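The file data12.txt comes next; it holds compact mmCIF, C-alpha atoms.
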```
# COMPACT_ATOMS: atom_id res chain seq x y z
CA MET A 15 -19.51 -26.87 -6.41
CA ALA A 16 -16.64 -24.42 -6.28
CA LEU A 17 -17.37 -21.22 -4.37
CA ASP A 18 -17.55 -17.86 -6.11
CA LYS A 19 -15.61 -14.83 -4.84
CA ASN A 20 -18.34 -13.93 -2.40
CA GLY A 21 -18.44 -17.49 -1.09
CA ILE A 22 -14.70 -17.39 -0.40
CA ALA A 23 -15.14 -14.04 1.38
CA GLN A 24 -18.04 -15.42 3.41
CA ARG A 25 -15.96 -18.41 4.57
CA ILE A 26 -13.04 -16.13 5.47
CA ALA A 27 -15.38 -14.01 7.60
CA GLN A 28 -15.81 -17.06 9.86
CA GLU A 29 -12.15 -16.59 10.87
CA LEU A 30 -12.87 -13.18 12.41
CA GLN A 31 -13.05 -12.72 16.15
CA ASP A 32 -14.54 -9.99 18.30
CA GLY A 33 -12.08 -7.16 18.84
CA TYR A 34 -9.88 -8.03 15.89
CA TYR A 35 -8.00 -5.38 13.93
CA VAL A 36 -7.87 -6.63 10.35
CA ASN A 37 -6.15 -5.56 7.15
CA LEU A 38 -7.95 -6.69 4.02
CA GLY A 39 -6.08 -6.70 0.72
CA ILE A 40 -7.42 -5.74 -2.69
CA GLY A 41 -9.85 -8.06 -4.52
CA ILE A 42 -11.56 -10.99 -2.79
CA PRO A 43 -10.25 -9.92 0.66
CA THR A 44 -12.09 -6.58 0.40
CA LEU A 45 -15.38 -8.51 0.08
CA VAL A 46 -14.86 -10.02 3.55
CA ALA A 47 -16.07 -6.70 5.00
CA ASN A 48 -19.56 -7.54 3.71
CA TYR A 49 -19.77 -10.66 5.90
CA ILE A 50 -18.64 -9.51 9.34
CA PRO A 51 -21.01 -11.33 11.73
CA GLU A 52 -23.72 -9.22 13.32
CA GLY A 53 -22.76 -7.94 16.75
CA MET A 54 -19.05 -8.63 16.29
CA GLU A 55 -16.67 -5.68 16.59
CA VAL A 56 -14.02 -5.90 13.90
CA THR A 57 -11.98 -2.81 12.98
CA LEU A 58 -10.61 -2.64 9.46
CA GLN A 59 -7.24 -1.02 8.85
CA SER A 60 -6.25 0.52 5.55
CA GLU A 61 -2.50 1.01 5.12
CA ASN A 62 -2.89 4.42 3.48
CA GLY A 63 -3.85 5.77 6.89
CA LEU A 64 -7.30 4.81 8.13
CA LEU A 65 -8.44 2.69 11.03
CA GLY A 66 -12.19 2.11 11.01
CA ILE A 67 -13.11 1.76 7.33
CA GLY A 68 -16.82 2.17 6.72
CA PRO A 69 -19.00 1.21 3.75
CA PHE A 70 -18.66 2.78 0.32
CA PRO A 71 -20.21 6.27 0.29
CA GLU A 72 -23.67 7.01 -1.08
CA LYS A 73 -23.80 8.26 -4.62
CA GLY A 74 -22.72 11.88 -4.81
CA LYS A 75 -21.03 11.77 -1.40
CA ALA A 76 -17.62 10.38 -2.40
CA ASP A 77 -14.76 12.35 -0.83
CA PRO A 78 -11.50 12.37 -2.86
CA ASP A 79 -9.61 12.76 0.44
CA LEU A 80 -11.09 9.55 1.83
CA ILE A 81 -9.94 6.37 0.09
CA ASN A 82 -8.83 2.84 0.95
CA ALA A 83 -5.55 1.22 -0.08
CA GLY A 84 -7.19 0.09 -3.32
CA LYS A 85 -7.82 3.80 -4.03
CA GLN A 86 -11.57 3.29 -3.86
CA THR A 87 -13.66 5.97 -2.16
CA VAL A 88 -14.82 4.81 1.29
CA THR A 89 -16.29 6.27 4.47
CA ALA A 90 -14.92 6.35 8.01
CA LEU A 91 -16.92 4.80 10.84
CA LYS A 92 -17.60 6.49 14.18
CA GLY A 93 -14.44 6.14 16.23
CA ALA A 94 -12.20 6.00 13.16
CA SER A 95 -8.77 7.60 13.05
CA PHE A 96 -6.50 8.95 10.33
CA PHE A 97 -2.68 8.88 10.39
CA ASP A 98 0.38 9.00 8.18
CA SER A 99 1.93 6.01 6.40
CA ALA A 100 4.79 5.56 8.90
CA THR A 101 2.28 5.27 11.76
CA SER A 102 0.18 2.92 9.65
CA PHE A 103 3.08 0.54 9.16
CA ALA A 104 4.04 0.84 12.82
CA MET A 105 0.62 -0.76 13.45
CA ILE A 106 1.45 -3.49 10.94
CA ARG A 107 5.14 -4.07 11.66
CA GLY A 108 4.60 -3.72 15.39
CA GLY A 109 2.19 -6.67 15.40
CA HIS A 110 -0.86 -4.63 16.37
CA VAL A 111 -2.91 -5.90 13.44
CA ASP A 112 -4.44 -9.28 14.34
CA LEU A 113 -5.19 -10.66 10.91
CA THR A 114 -4.12 -9.98 7.34
CA VAL A 115 -6.10 -11.34 4.41
CA LEU A 116 -4.53 -11.03 0.98
CA GLY A 117 -4.63 -12.50 -2.50
CA ALA A 118 -1.84 -14.44 -4.23
CA PHE A 119 -0.60 -15.70 -7.60
CA GLU A 120 1.06 -18.69 -5.92
CA VAL A 121 1.51 -20.22 -2.46
CA SER A 122 4.00 -22.98 -1.69
CA GLU A 123 3.57 -25.85 0.74
CA ASN A 124 5.99 -24.23 3.22
CA GLY A 125 3.96 -21.00 3.30
CA ASP A 126 5.88 -18.85 0.80
CA ILE A 127 3.71 -16.44 -1.15
CA ALA A 128 4.15 -14.77 -4.57
CA SER A 129 1.75 -11.94 -5.32
CA TRP A 130 3.41 -8.87 -6.80
CA LYS A 131 5.26 -9.45 -10.03
CA ILE A 132 5.25 -11.56 -13.18
CA PRO A 133 8.72 -10.97 -14.70
CA GLY A 134 8.64 -9.36 -18.14
CA LYS A 135 4.86 -9.10 -18.09
CA LEU A 136 3.40 -7.36 -15.14
CA VAL A 137 4.93 -4.90 -12.74
CA LYS A 138 2.57 -3.47 -10.22
CA GLY A 139 4.82 -3.39 -7.21
CA MET A 140 4.42 -4.95 -3.81
CA GLY A 141 2.65 -2.03 -2.15
CA GLY A 142 2.20 -2.98 1.49
CA ALA A 143 2.03 -6.73 0.92
CA MET A 144 5.64 -7.49 1.88
CA ASP A 145 5.33 -5.52 5.11
CA LEU A 146 2.03 -7.22 5.94
CA VAL A 147 3.18 -10.80 5.35
CA ALA A 148 6.45 -10.25 7.20
CA SER A 149 4.75 -8.96 10.33
CA ALA A 150 1.12 -10.00 10.73
CA LYS A 151 0.44 -12.51 13.47
CA ASN A 152 -1.99 -14.40 11.30
CA ILE A 153 -2.06 -14.44 7.52
CA ILE A 154 -4.84 -15.91 5.42
CA VAL A 155 -4.53 -16.14 1.67
CA ALA A 156 -7.77 -15.72 -0.28
CA THR A 157 -7.51 -17.10 -3.79
CA THR A 158 -8.93 -19.38 -6.40
CA HIS A 159 -7.36 -22.84 -6.18
CA THR A 160 -6.20 -22.72 -9.81
CA ASN A 161 -5.35 -19.90 -12.22
CA ARG A 162 -7.22 -19.00 -15.41
CA LYS A 163 -5.32 -21.67 -17.32
CA GLY A 164 -6.44 -24.26 -14.78
CA GLU A 165 -2.96 -24.61 -13.26
CA SER A 166 -2.64 -25.08 -9.50
CA LYS A 167 -1.74 -22.04 -7.42
CA LEU A 168 -0.86 -24.29 -4.48
CA LEU A 169 2.61 -25.45 -5.37
CA ARG A 170 5.57 -27.40 -4.05
CA LYS A 171 7.65 -24.26 -4.71
CA CYS A 172 6.66 -20.82 -5.98
CA THR A 173 7.93 -20.02 -9.47
CA LEU A 174 7.28 -16.25 -9.35
CA PRO A 175 9.21 -13.65 -7.31
CA LEU A 176 8.27 -14.00 -3.66
CA THR A 177 6.40 -11.55 -1.47
CA GLY A 178 7.36 -13.36 1.73
CA VAL A 179 8.80 -16.63 2.98
CA ALA A 180 7.17 -19.22 5.23
CA CYS A 181 4.53 -16.77 6.39
CA VAL A 182 1.12 -18.04 5.22
CA LYS A 183 -0.84 -19.90 7.89
CA ARG A 184 -4.14 -20.67 6.15
CA ILE A 185 -5.44 -20.64 2.59
CA ILE A 186 -9.11 -20.32 1.75
CA THR A 187 -9.92 -21.10 -1.87
CA ASP A 188 -12.98 -21.76 -3.97
CA LEU A 189 -12.47 -25.47 -3.26
CA ALA A 190 -11.09 -25.80 0.24
CA VAL A 191 -9.68 -24.52 3.53
CA LEU A 192 -6.08 -25.61 3.97
CA ASP A 193 -3.48 -25.02 6.68
CA ILE A 194 0.25 -24.88 6.10
CA VAL A 195 1.79 -27.55 8.31
CA GLU A 196 5.30 -28.98 8.44
CA LYS A 197 4.85 -31.41 5.59
CA GLY A 198 2.52 -29.55 3.24
CA PHE A 199 -1.05 -28.33 2.73
CA LYS A 200 -3.32 -29.91 5.32
CA LEU A 201 -6.88 -30.16 4.09
CA ILE A 202 -9.24 -28.77 6.74
CA GLU A 203 -12.56 -28.30 4.92
CA ARG A 204 -14.06 -28.88 1.49
CA ALA A 205 -16.36 -26.45 -0.34
CA PRO A 206 -19.91 -27.85 -0.40
CA GLY A 207 -20.11 -30.67 -2.94
CA VAL A 208 -16.38 -30.66 -3.77
CA SER A 209 -14.65 -34.01 -3.32
CA THR A 210 -11.21 -34.60 -1.81
CA GLU A 211 -10.25 -36.07 -5.20
CA GLU A 212 -11.06 -32.79 -6.95
CA ILE A 213 -9.00 -30.87 -4.39
CA LYS A 214 -6.12 -33.31 -4.75
CA HIS A 215 -6.26 -32.90 -8.51
CA ALA A 216 -6.12 -29.10 -8.21
CA THR A 217 -3.22 -29.07 -5.71
CA GLU A 218 0.32 -29.45 -7.05
CA GLY A 219 2.01 -29.37 -3.64
CA ILE A 220 1.77 -32.14 -1.06
CA LEU A 221 -1.80 -32.44 0.21
CA ILE A 222 -2.34 -34.03 3.59
CA ILE A 223 -5.74 -35.64 4.00
CA ASP A 224 -6.25 -36.83 7.55
CA GLY A 225 -9.48 -38.79 8.00
CA GLU A 226 -12.89 -37.54 6.96
CA ILE A 227 -12.80 -33.93 5.73
CA PRO A 228 -15.92 -31.95 6.63
CA GLU A 229 -17.68 -29.58 4.26
CA MET A 230 -17.64 -25.83 4.93
CA LYS A 231 -20.72 -24.62 6.76
CA PHE A 232 -22.46 -21.37 5.92
CA MET B 280 11.89 34.92 7.76
CA ASN B 281 9.09 34.79 5.22
CA LYS B 282 8.11 31.29 4.12
CA VAL B 283 5.13 32.34 2.08
CA VAL B 284 5.59 32.36 -1.68
CA LYS B 285 3.14 33.49 -4.31
CA ASN B 286 2.54 30.31 -6.26
CA ALA B 287 3.95 27.00 -7.46
CA GLU B 288 6.21 28.60 -10.09
CA GLU B 289 7.92 30.64 -7.40
CA ALA B 290 7.96 27.70 -5.02
CA ILE B 291 9.91 25.37 -7.35
CA GLN B 292 12.78 27.87 -7.82
CA GLY B 293 16.06 26.01 -7.38
CA VAL B 294 14.90 22.63 -8.63
CA LYS B 295 17.50 21.48 -11.14
CA SER B 296 18.18 18.57 -13.44
CA GLY B 297 19.44 15.49 -11.61
CA MET B 298 17.94 16.41 -8.23
CA THR B 299 16.04 14.05 -5.94
CA LEU B 300 12.45 15.02 -5.19
CA MET B 301 9.89 13.59 -2.79
CA LEU B 302 6.22 13.90 -3.68
CA GLY B 303 3.50 13.23 -1.14
CA GLY B 304 0.25 11.42 -1.80
CA PHE B 305 -1.23 7.95 -2.08
CA GLY B 306 -2.60 7.30 -5.52
CA LEU B 307 -4.05 10.71 -6.41
CA CYS B 308 -5.10 11.40 -2.82
CA GLY B 309 -3.13 14.22 -1.22
CA ILE B 310 -0.77 14.86 -4.13
CA PRO B 311 0.78 18.33 -4.51
CA GLU B 312 -1.17 19.14 -7.68
CA ASN B 313 0.05 22.71 -8.16
CA SER B 314 3.73 21.85 -7.70
CA LEU B 315 3.42 18.85 -10.02
CA LYS B 316 1.94 21.09 -12.73
CA ALA B 317 4.72 23.65 -12.28
CA LEU B 318 7.37 20.91 -12.45
CA ALA B 319 5.78 19.56 -15.63
CA ALA B 320 5.71 23.05 -17.17
CA SER B 321 9.34 23.66 -16.19
CA GLY B 322 10.55 20.81 -18.39
CA ILE B 323 13.33 20.01 -15.90
CA LYS B 324 14.64 16.54 -16.68
CA ASN B 325 16.69 13.70 -15.12
CA LEU B 326 14.73 13.88 -11.90
CA ILE B 327 14.84 11.15 -9.29
CA CYS B 328 11.38 10.96 -7.75
CA ILE B 329 10.42 9.31 -4.50
CA SER B 330 6.67 8.79 -4.36
CA ASN B 331 4.51 5.89 -3.24
CA ASN B 332 2.79 5.78 -6.64
CA ALA B 333 3.40 7.21 -10.10
CA GLY B 334 0.10 8.97 -10.75
CA ILE B 335 -2.07 7.98 -13.67
CA ASP B 336 -1.28 8.40 -17.35
CA ASP B 337 -2.57 11.99 -17.68
CA PHE B 338 -2.48 13.34 -14.13
CA GLY B 339 -0.07 13.82 -11.26
CA LEU B 340 3.39 12.33 -11.58
CA GLY B 341 2.17 10.52 -14.71
CA VAL B 342 2.54 13.76 -16.66
CA LEU B 343 6.25 14.10 -15.77
CA LEU B 344 6.68 10.46 -16.65
CA ARG B 345 4.99 10.87 -20.03
CA ASP B 346 7.26 13.82 -20.88
CA HIS B 347 10.38 11.83 -19.94
CA GLN B 348 11.35 14.14 -17.08
CA LEU B 349 12.09 11.25 -14.76
CA LYS B 350 15.34 9.32 -14.67
CA LYS B 351 14.47 7.14 -11.71
CA MET B 352 11.48 6.35 -9.52
CA ILE B 353 11.48 4.98 -6.00
CA ALA B 354 7.95 3.75 -5.28
CA SER B 355 5.97 0.86 -3.82
CA TYR B 356 3.05 0.43 -6.20
CA VAL B 357 2.74 1.58 -9.79
CA GLY B 358 -0.11 -0.59 -11.03
CA GLU B 359 -2.34 2.29 -12.12
CA ASN B 360 0.00 3.66 -14.77
CA LYS B 361 0.47 1.93 -18.14
CA GLU B 362 3.14 4.33 -19.37
CA PHE B 363 5.13 3.62 -16.22
CA GLU B 364 4.93 -0.10 -16.85
CA ARG B 365 6.00 0.42 -20.46
CA GLN B 366 9.01 2.61 -19.56
CA PHE B 367 10.02 0.23 -16.80
CA LEU B 368 9.80 -2.93 -18.88
CA SER B 369 11.65 -1.25 -21.78
CA GLY B 370 14.41 -0.05 -19.46
CA GLU B 371 13.87 3.67 -20.20
CA LEU B 372 13.11 4.36 -16.57
CA GLU B 373 15.16 3.17 -13.64
CA VAL B 374 12.88 1.85 -10.92
CA GLU B 375 13.43 0.86 -7.34
CA LEU B 376 10.39 -0.79 -5.80
CA ASN B 377 10.24 -0.78 -2.01
CA PRO B 378 7.77 -2.42 0.35
CA GLN B 379 5.40 0.40 1.28
CA GLY B 380 6.13 0.35 5.01
CA THR B 381 9.85 0.24 4.34
CA LEU B 382 9.52 3.23 2.00
CA ALA B 383 7.54 5.15 4.63
CA GLU B 384 10.09 4.32 7.32
CA ARG B 385 13.08 5.17 5.10
CA ILE B 386 11.58 8.63 4.63
CA ARG B 387 10.69 8.99 8.30
CA ALA B 388 14.23 7.91 9.24
CA GLY B 389 15.69 10.39 6.75
CA GLY B 390 13.80 13.22 8.39
CA ALA B 391 14.61 11.97 11.88
CA GLY B 392 18.37 11.65 11.37
CA ILE B 393 18.47 7.87 11.58
CA PRO B 394 20.80 6.61 8.82
CA ALA B 395 19.60 2.99 8.71
CA PHE B 396 17.35 0.47 10.45
CA PHE B 397 16.31 -3.19 10.32
CA VAL B 398 12.90 -4.44 9.15
CA PRO B 399 11.55 -7.93 8.39
CA ALA B 400 9.72 -6.92 5.18
CA GLY B 401 11.30 -8.33 2.04
CA TYR B 402 13.50 -10.95 3.69
CA GLY B 403 13.93 -13.90 1.32
CA THR B 404 12.66 -11.87 -1.66
CA GLU B 405 14.43 -9.93 -4.42
CA VAL B 406 14.13 -6.80 -2.25
CA ALA B 407 16.79 -8.38 -0.02
CA GLU B 408 19.43 -8.54 -2.77
CA GLY B 409 22.67 -6.92 -1.62
CA LYS B 410 21.31 -6.00 1.82
CA GLU B 411 22.74 -6.97 5.17
CA VAL B 412 20.62 -9.59 6.94
CA ARG B 413 20.54 -9.90 10.71
CA GLU B 414 18.52 -12.01 13.10
CA PHE B 415 16.67 -10.33 15.98
CA ASN B 416 14.36 -12.27 18.33
CA GLY B 417 14.53 -15.35 16.10
CA LYS B 418 13.40 -13.46 13.00
CA MET B 419 15.41 -12.34 9.97
CA HIS B 420 15.62 -8.64 9.16
CA LEU B 421 17.06 -6.49 6.36
CA LEU B 422 19.16 -3.38 6.82
CA GLU B 423 17.42 -0.50 5.08
CA THR B 424 18.87 2.98 4.64
CA ALA B 425 17.23 6.37 5.11
CA LEU B 426 16.00 8.57 2.26
CA THR B 427 16.24 12.34 2.01
CA ALA B 428 15.55 14.68 -0.89
CA ASP B 429 16.79 17.97 -2.31
CA PHE B 430 13.16 19.10 -2.42
CA ALA B 431 10.08 17.57 -0.81
CA PHE B 432 6.65 18.57 -2.10
CA VAL B 433 3.70 18.09 0.20
CA LYS B 434 0.06 19.02 0.19
CA ALA B 435 -2.15 19.81 3.18
CA LYS B 436 -5.66 21.06 3.77
CA TYR B 437 -4.64 23.94 6.05
CA GLY B 438 -1.36 25.70 6.57
CA ASP B 439 -0.23 28.90 8.26
CA TYR B 440 2.46 31.46 7.44
CA SER B 441 4.84 29.61 9.81
CA GLY B 442 4.51 26.39 7.84
CA ASN B 443 2.36 24.43 10.30
CA LEU B 444 0.22 21.91 8.44
CA ILE B 445 -3.04 20.02 8.97
CA TYR B 446 -4.06 17.25 6.59
CA ASN B 447 -7.55 16.06 5.73
CA ASN B 448 -8.69 12.43 6.20
CA THR B 449 -6.49 9.96 4.27
CA ALA B 450 -4.72 12.76 2.39
CA ASN B 451 -1.95 12.74 5.02
CA ASN B 452 -0.33 9.43 3.95
CA PHE B 453 3.29 10.11 2.89
CA ASN B 454 3.08 13.91 3.22
CA ASN B 455 3.88 14.13 6.91
CA MET B 456 7.12 12.11 6.73
CA MET B 457 8.22 13.68 3.48
CA ALA B 458 7.89 17.16 4.95
CA SER B 459 10.62 16.23 7.43
CA ALA B 460 12.91 14.60 4.85
CA GLY B 461 13.36 17.44 2.34
CA LYS B 462 16.37 19.76 2.52
CA ILE B 463 13.84 22.26 1.21
CA THR B 464 10.21 21.35 1.82
CA ILE B 465 7.51 23.07 -0.17
CA ALA B 466 3.98 22.85 1.18
CA GLU B 467 0.94 23.75 -0.86
CA VAL B 468 -2.33 24.10 1.01
CA GLU B 469 -5.98 24.55 0.21
CA GLU B 470 -6.29 27.28 2.83
CA LEU B 471 -3.40 29.41 3.98
CA VAL B 472 -4.07 31.35 7.18
CA PRO B 473 -2.06 33.83 9.27
CA THR B 474 0.14 32.39 12.00
CA GLY B 475 -1.84 31.82 15.17
CA GLU B 476 -5.10 30.84 13.53
CA LEU B 477 -4.54 27.08 13.60
CA ASP B 478 -5.04 25.21 16.86
CA PRO B 479 -1.55 24.05 17.99
CA ASN B 480 -3.14 20.84 19.32
CA GLN B 481 -4.28 19.87 15.85
CA ILE B 482 -1.03 20.43 13.90
CA HIS B 483 0.21 17.30 12.09
CA THR B 484 3.43 18.74 10.66
CA PRO B 485 5.18 21.43 12.74
CA GLY B 486 6.40 24.43 10.76
CA ILE B 487 10.08 23.69 11.42
CA PHE B 488 9.95 21.13 8.61
CA VAL B 489 8.54 23.53 6.01
CA GLN B 490 10.68 26.12 4.18
CA ARG B 491 8.18 27.44 1.61
CA ILE B 492 4.41 27.51 1.65
CA PHE B 493 1.74 28.74 -0.73
CA GLN B 494 -1.97 28.60 -1.26
CA GLY B 495 -2.78 26.27 -4.14
CA THR B 496 -5.47 26.97 -6.71
CA ASN B 497 -7.88 25.00 -8.90
CA TYR B 498 -7.58 21.68 -7.10
CA GLU B 499 -9.03 18.94 -9.24
CA LYS B 500 -8.74 16.21 -6.58
CA ARG B 501 -9.41 13.48 -9.07
CA ILE B 502 -10.79 10.18 -7.84
CA GLU B 503 -9.18 7.02 -9.21
CA PHE B 504 -11.96 4.59 -8.39
CA GLU B 505 -15.21 6.22 -7.39
CA THR B 506 -17.01 3.44 -5.57
CA VAL B 507 -20.45 4.00 -4.09
CA SER B 508 -22.80 1.79 -2.12
```
Let me see the file written as structure tokens.
Amino acid sequence: MALDKNGIAQRIAQELQDGYYVNLGIGIPTLVANYIPEGMEVTLQSENGLLGIGPFPEKGKADPDLINAGKQTVTALKGASFFDSATSFAMIRGGHVDLTVLGAFEVSENGDIASWKIPGKLVKGMGGAMDLVASAKNIIVATTHTNRKGESKLLRKCTLPLTGVACVKRIITDLAVLDIVEKGFKLIERAPGVSTEEIKHATEGILIIDGEIPEMKF
Amino acid sequence: MNKVVKNAEEAIQGVKSGMTLMLGGFGLCGIPENSLKALAASGIKNLICISNNAGIDDFGLGVLLRDHQLKKMIASYVGENKEFERQFLSGELEVELNPQGTLAERIRAGGAGIPAFFVPAGYGTEVAEGKEVREFNGKMHLLETALTADFAFVKAKYGDYSGNLIYNNTANNFNNMMASAGKITIAEVEELVPTGELDPNQIHTPGIFVQRIFQGTNYEKRIEFETVS
């Protein structure tokens, strides 16, 4: 069965390593914070100027001067720091952030990503996404495998305006874990109970299936 | 040299039609509320505004947008404002969207006297259109130019009569760089204290960057998405 949003986030959390500095995008990526393994030290960076994001505040304790990049009220953990936006992007552009997790409208088999604009329909802007994908050492895309119309989001070529070129390393969807390799999307894991046929059907780009593909473990 | 002015109305003296303004804040966090209200009340039009976001429909920069005071916006994310989207898609408002880190660095560079610089963000995307591309260390980069403004409006938690500023939590964001990039920088603060009362070790923005300062009043500090555990 396909994973729900929390399932995707839970699988992404398995990619975290002790000592990592991580930037989580808006949407599914934000949920990854709920699944950081016990005892592992992972520091979350928010590009509006916070290193050490804590949980959402208790009711009645929200501070308008303390938000994340999604403009949600948050808290700051012990050892957190605040800084201006130029310093924040020095952390990102300078390669100091170990992992970036972000959502996407489309990903192509060479690792291009489109996530910020649907011409004539939706203009939200790229925010920090272009900076993040151009500079992070490791980029994981968190997304559903298909869009609401059932069309594949894993394409031969992106059709929407790009956020970055040849930058995505790994994609974790509701159906599968896939790596971008030279010739296309390499299937690494299947969601529990999802067949390789189903994944093939939902992937428009070239899908490389090498031997037996294990199921994700939770 | 007295930097202290009475209020926002006095602070915005000299802002004229067609000028370029910078406005600090991220979303509604750390926006110069008093100055924005005074600018809205002034009715000055044809403004070019540099701000990471465009406020929401009835607050912040959104009010200037609603009243058609803006000719052009330079921003990175405008998703929280329907009127913005409408004016943009209909062509009423000229918009230049920048990657957020590029926007921050363009402002920092403007204040630091660096006319242009190379960054990897936006290479291969529509942001790259018309920009010089150069390879450094095997990676492609775009030439980006600095931004300055006729007036920069910033908001801090504490300020002193000399213009030294201290921000609170994530309300620093674009304010610190913008303070350095305004020909005239206007700081509004929640608490204005006599020179000498702020700890020099804790100053975020040194007073040299600030030309006018005033104590703001009636801060609403609206929250866009109140999220609790």
How big is the axis-aligned box around the listed atoms of stretch 84-92 of chain A once 5 Å is added on each side, and where is its centre? Give both in Å to one decimal, as AutoDock Vina command-line options.
```
--center_x -12.4 --center_y 3.3 --center_z 5.1 --size_x 20.4 --size_y 16.4 --size_z 28.2
```
Which protein, DNA or RNA residues are at most 6 Å from (-10.9, -22.3, -5.9) in the file's coordinates when you count all atoms listed in the file, listed as an mmCIF file with C-alpha atoms, keeping the file's coordinate frame?
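File produced: selection13.cif:
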```cif
data_model
loop_
_atom_site.group_PDB
_atom_site.id
_atom_site.type_symbol
_atom_site.label_atom_id
_atom_site.label_comp_id
_atom_site.auth_asym_id
_atom_site.auth_seq_id
_atom_site.Cartn_x
_atom_site.Cartn_y
_atom_site.Cartn_z
ATOM 1 C CA THR A 158 -8.930 -19.380 -6.400
ATOM 2 C CA HIS A 159 -7.360 -22.840 -6.180
ATOM 3 C CA THR A 187 -9.920 -21.100 -1.870
ATOM 4 C CA ASP A 188 -12.980 -21.760 -3.970
ATOM 5 C CA LEU A 189 -12.470 -25.470 -3.260
#
```
Note to self: Under the rule that all atoms listed in the file are counted, which of B:Asn443, B:Gln490, B:Ser355, B:Asn480 is the nearest residue to chain A?
What the structure shows: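 Among the listed residues, the smallest separation from chain A belongs to B:Ser355.
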Checklist line | Residue nearest chain A - candidates B:Val412, B:Leu368, B:Leu343, B:Leu421, atoms counted: only C-alpha atoms | finding: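 Counting only C-alpha atoms, the residue closest to chain A is B:Leu368.
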Note to self: At a cut-off of 7 Å, using only C-alpha atoms, what residues contact stretch 59-66 of chain A? Leave out same-chain residues fewer than 2 positions from it and give the result as a ChimeraX atom specification.
What the structure shows: /A:35-37,57,68,82-83,90-91,93-99,102-103 /B:305,449,452
Margin query: Need the shell around B:Ala460: protein/DNA/RNA residues with any atom at most 12 Å away, counting all atoms listed in the file. Skip same-chain ones fewer than 5 positions apart. Format as number ranges by chain?
Written below: B: 299-303, 329, 383-394, 425-433, 453-455, 465, 484, 487-490
Would you mind exporting the chosen residues as an mmCIF file, in the coordinates of the input, restricted to C-alpha atoms?
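Writing done, so here's part_24.cif:
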```cif
data_model
loop_
_atom_site.group_PDB
_atom_site.id
_atom_site.type_symbol
_atom_site.label_atom_id
_atom_site.label_comp_id
_atom_site.auth_asym_id
_atom_site.auth_seq_id
_atom_site.Cartn_x
_atom_site.Cartn_y
_atom_site.Cartn_z
ATOM 1 C CA THR B 299 16.040 14.050 -5.940
ATOM 2 C CA LEU B 300 12.450 15.020 -5.190
ATOM 3 C CA MET B 301 9.890 13.590 -2.790
ATOM 4 C CA LEU B 302 6.220 13.900 -3.680
ATOM 5 C CA GLY B 303 3.500 13.230 -1.140
ATOM 6 C CA ILE B 329 10.420 9.310 -4.500
ATOM 7 C CA ALA B 383 7.540 5.150 4.630
ATOM 8 C CA GLU B 384 10.090 4.320 7.320
ATOM 9 C CA ARG B 385 13.080 5.170 5.100
ATOM 10 C CA ILE B 386 11.580 8.630 4.630
ATOM 11 C CA ARG B 387 10.690 8.990 8.300
ATOM 12 C CA ALA B 388 14.230 7.910 9.240
ATOM 13 C CA GLY B 389 15.690 10.390 6.750
ATOM 14 C CA GLY B 390 13.800 13.220 8.390
ATOM 15 C CA ALA B 391 14.610 11.970 11.880
ATOM 16 C CA GLY B 392 18.370 11.650 11.370
ATOM 17 C CA ILE B 393 18.470 7.870 11.580
ATOM 18 C CA PRO B 394 20.800 6.610 8.820
ATOM 19 C CA ALA B 425 17.230 6.370 5.110
ATOM 20 C CA LEU B 426 16.000 8.570 2.260
ATOM 21 C CA THR B 427 16.240 12.340 2.010
ATOM 22 C CA ALA B 428 15.550 14.680 -0.890
ATOM 23 C CA ASP B 429 16.790 17.970 -2.310
ATOM 24 C CA PHE B 430 13.160 19.100 -2.420
ATOM 25 C CA ALA B 431 10.080 17.570 -0.810
ATOM 26 C CA PHE B 432 6.650 18.570 -2.100
ATOM 27 C CA VAL B 433 3.700 18.090 0.200
ATOM 28 C CA PHE B 453 3.290 10.110 2.890
ATOM 29 C CA ASN B 454 3.080 13.910 3.220
ATOM 30 C CA ASN B 455 3.880 14.130 6.910
ATOM 31 C CA ILE B 465 7.510 23.070 -0.170
ATOM 32 C CA THR B 484 3.430 18.740 10.660
ATOM 33 C CA ILE B 487 10.080 23.690 11.420
ATOM 34 C CA PHE B 488 9.950 21.130 8.610
ATOM 35 C CA VAL B 489 8.540 23.530 6.010
ATOM 36 C CA GLN B 490 10.680 26.120 4.180
#
```
Note to self: List as a list in words the residues having at least one atom at most 12 Å from position (1.3, -4.3, 15.8) as given in the file, counting all atoms listed in the file.
What the structure shows: Tyr34, Tyr35, Val36, Asn37, Gln59, Thr101, Ser102, Phe103, Ala104, Met105, Ile106, Arg107, Gly108, Gly109, His110, Val111, Asp112, Leu113, Thr114, Asp145, Leu146, Ala148, Ser149, Ala150, Lys151 and Asn152 of chain A
Check: Could you name the residues that touch B:Asp478 at 12 Å or less, counting only C-alpha atoms, but leaving out those on the same chain fewer than 5 positions away, as a VMD selection string?
Finding: chain B and resid 437 to 439 443 to 445 472 to 473 483 485
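Proximity ranking of B:Glu499, B:Glu289, B:Glu505, B:Glu467 relative to B:Pro311 places B:Glu467 first, based on all atoms listed in the file.
Of the residues listed (A:Leu136, A:Met144, A:Ala128, A:Leu192), A:Ala128 shows the shortest atom-to-atom separation from A:Pro175; distances use all atoms listed in the file.
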